[in-house]
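Okay, structure first, notes after.
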Amino acid sequence: MSSFFWNYEMDAEFPLSLLEFVTKGDHEKIHWHNYLQIVLCTGGSGKFIFTNREYDVEAGDVFIVSDFENHVAISGPQEQTEYIFVIFLPALIAAPGSRQFDFEYLYPFYYNTKTFDNKIDHSLPVAQAISKEVLTLRDIWNKKETAYRHELDAGVRKTLALLMRHYQSVYEEYYTPDSLGHARVADAIAYINLHFDTAITVQEVADKLHMSESAFRSLFKEAMRMPFKEYVTFLRLTKAKKLLLTTNDSINTVANLSGYTNMNQFYKVFHKYVFMSPAEYRNFNH
C-alpha cells in the first residue's frame with residue numbers, strides 16, 4: 001500500500017480531539033487523514049516529511065497539516081519525539097452554510113503543497129504564542145471542566161487566528177481556497193494516495209470520478225494548484241525520501257518501491273526537486 005488513511009473517530013457534535021503522541025525510531029507509516037491538524041513538538045528531535053519537503057523538528061516547533069497531504073513523523077534510531085496533536089474536522093469551525101467569516105479560519109490549511117511551509121520555527125514569536133495556546137488546550141482537554149467544549153472552541157479559533165496572521169504576513173498572495181473544488185477532488189486524492197506507486201494514469205482516476213480526462217485535469221489543477229503528474233511525483237518522492245532516510249535498501253529498490261521502473265527517470269526527477277542525487281540525500285541526512 002502506498003500510504004494509509006488514518007481514521008480517527010470523533011464526536012459528531014464536537015469533532016475535535018487532543019492527542020499526546022510519541023514517535024520512536026522510524027516505524028511510522030506515510031499517511032493522510034480527513035481532519036485538520038495543528039502539531040506542537042514538546043520534546044526530543046526528529047524529522048517531519050511532507051509531500052514536497054522534509055523538516056528538522058525540535059521542541060517548540062509548530063506544524064500544520066491539511067486533510068489531503070501525505071506526511072509522516074520519524075525519529076532517529078533509538079530516539080523519540082513527543083508531540084501534542086490538535087485534530088479537528090473542518091465542520092467544527094465552518095459547517096456547510098456557515099458565514100464566509102468562519103471559513104476564513106480554515107484558509108491556512110488549503111495550501112499549495114509546492115510552495116507552502118508547514119513548519120513555524122520555535123524561535124518565532126508566533127510559534128511561542130501558538131505553543132502557549134496548544135498547552136492551554138491540552139490542559140482544558142484533560143480537565144474537562146464545565147463548559148470545556150466552549151473553551152476548546154474559543155481556544156482553537158484563537159490559535160487559527162494566529163496562524164492566519166502568520167501566513168498572511170509570509171505570503172504575498174494569501175491563498176483564498178476553493179473549498180468546493182477541494183471537496184470535488186477528495187475522492188480522487190484518496191485514490192491517488194493509495195495507488196501513486198503504481199502505473200497510475202489521469203484517465204484511470206478520471207474514470208473513478210466519472211469525468212472526462214480533460215475535465216478532471218482542469219478541476220484537479222484548479223483545486224490543488226498543480227497538475228496531476230506533479231502531484232503524483234511529489235507523493236513518490238515523499239516515499240523515496242522516507243526509504244532513503246530509514247532503510248538500507250539499494251537505490252534501485254527505493255526507486256521501484258516508490259513507483260519508478262526507469263532508473264534514469266528516477267534520478268532525473270529526484271535531482272530536479274531535491275537538488276541532489278538519492279545517494280547524496282541519504283548521506284547528507286545521516
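The way I read the labels, and the way they are meant: chains A, B, ... in the order of the C-alpha cells, residue 1 as the first residue of every chain, and ligand 1 as the first ligand shown, with later ones counted on from there.
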request  = Give me the residues within 10 Å of Ile192 in chain A as a ChimeraX atom specification, counting only C-alpha atoms and dropping any in the same chain fewer than 6 places off.
outcome  = /A:2-3,186,198,200-202,204-205,228,231-232,235
inquiry  = Need the shell around Leu40 in chain A: protein/DNA/RNA residues with any atom at most 8 Å away, counting only C-alpha atoms. Skip same-chain ones fewer than 6 positions apart. Format as a list in words?
reply    =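 So, after excluding close chain neighbours, the residues are Ala59, Gly60, Asp61, Val62, Phe63, Tyr83, Ile84, Phe85, Ser131 and Val134 of chain A.
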Output for the residues just chosen: N, CA and C atoms as a CSV table (one decimal), in the first residue's frame:
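In the end it all went to selection_9.csv:
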chain,number,residue,atom,x,y,z
A,59,ALA,N,11.9,20.8,19.9
A,59,ALA,CA,10.8,21.2,20.8
A,59,ALA,C,10.4,22.7,20.6
A,60,GLY,N,9.1,22.9,20.6
A,60,GLY,CA,8.6,24.3,20.3
A,60,GLY,C,8.2,24.5,18.9
A,61,ASP,N,8.6,23.7,17.9
A,61,ASP,CA,8.2,23.8,16.5
A,61,ASP,C,6.8,23.5,16.4
A,62,VAL,N,6.1,24.3,15.5
A,62,VAL,CA,4.7,24.1,15.2
A,62,VAL,C,4.5,23.7,13.7
A,63,PHE,N,3.7,22.8,13.5
A,63,PHE,CA,3.4,22.4,12.1
A,63,PHE,C,1.8,22.4,11.9
A,83,TYR,N,4.9,14.9,20.8
A,83,TYR,CA,4.1,15.9,20.2
A,83,TYR,C,2.7,16.0,20.9
A,84,ILE,N,2.1,17.2,20.7
A,84,ILE,CA,0.7,17.3,21.0
A,84,ILE,C,0.0,17.6,19.7
A,85,PHE,N,-1.0,16.7,19.4
A,85,PHE,CA,-1.8,16.9,18.1
A,85,PHE,C,-3.1,17.5,18.5
A,131,SER,N,2.3,27.8,20.8
A,131,SER,CA,2.6,26.8,21.8
A,131,SER,C,1.9,27.0,23.1
A,134,VAL,N,-1.7,25.9,22.6
A,134,VAL,CA,-1.9,24.5,22.5
A,134,VAL,C,-1.8,23.8,23.9
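If only C-alpha atoms are the atoms counted, then among A:Tyr171, A:Phe21, A:Tyr267, A:Tyr8 the closest residue to Asn34 in chain A is A:Tyr8.
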task = Find the spatial neighbours of Glu69 in chain A, counting only C-alpha atoms, within a cut-off of 8 Å - ignore same-chain residues fewer than 2 positions away - and output them as a ChimeraX atom specification.
result = /A:32,50-51,65-67,71,113
task = Skip Glu280 in chain A itself and residues of its chain fewer than 6 positions away, then list as a list in words all residues within 12 Å of it, counting only C-alpha atoms.
result =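 In the requested format, the answer is Lys241, Leu244, Leu245, Ile251, Tyr267, Phe270, His271, Val274 and His286 of chain A.
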Near range 145-160 of chain A, counting only C-alpha atoms, which residues have an atom at most 8 Å away, once you skip same-chain residues fewer than 6 positions from it, shown as a compact mmCIF listing (two decimals) with N, CA and C atoms, in the first residue's frame?
# COMPACT_ATOMS: atom_id res chain seq x y z
N PHE A 14 -19.10 17.41 18.21
CA PHE A 14 -17.94 18.24 18.55
C PHE A 14 -16.68 17.53 18.07
N ILE A 93 -15.39 24.25 12.74
CA ILE A 93 -15.22 25.70 12.60
C ILE A 93 -16.20 26.29 11.61
N TYR A 105 -11.18 31.09 8.79
CA TYR A 105 -10.31 30.46 9.79
C TYR A 105 -9.53 29.28 9.20
N LEU A 106 -10.09 28.64 8.21
CA LEU A 106 -9.50 27.41 7.66
C LEU A 106 -8.56 27.66 6.50
N ILE A 130 1.52 30.27 19.74
CA ILE A 130 0.72 29.09 19.42
C ILE A 130 1.00 27.97 20.42
N GLU A 133 -1.00 28.49 23.46
CA GLU A 133 -2.41 28.17 23.26
C GLU A 133 -2.64 26.66 23.23
N VAL A 134 -1.75 25.92 22.57
CA VAL A 134 -1.91 24.46 22.48
C VAL A 134 -1.77 23.82 23.86
N LEU A 137 -4.95 24.40 25.61
CA LEU A 137 -5.97 23.49 25.08
C LEU A 137 -5.79 22.09 25.67
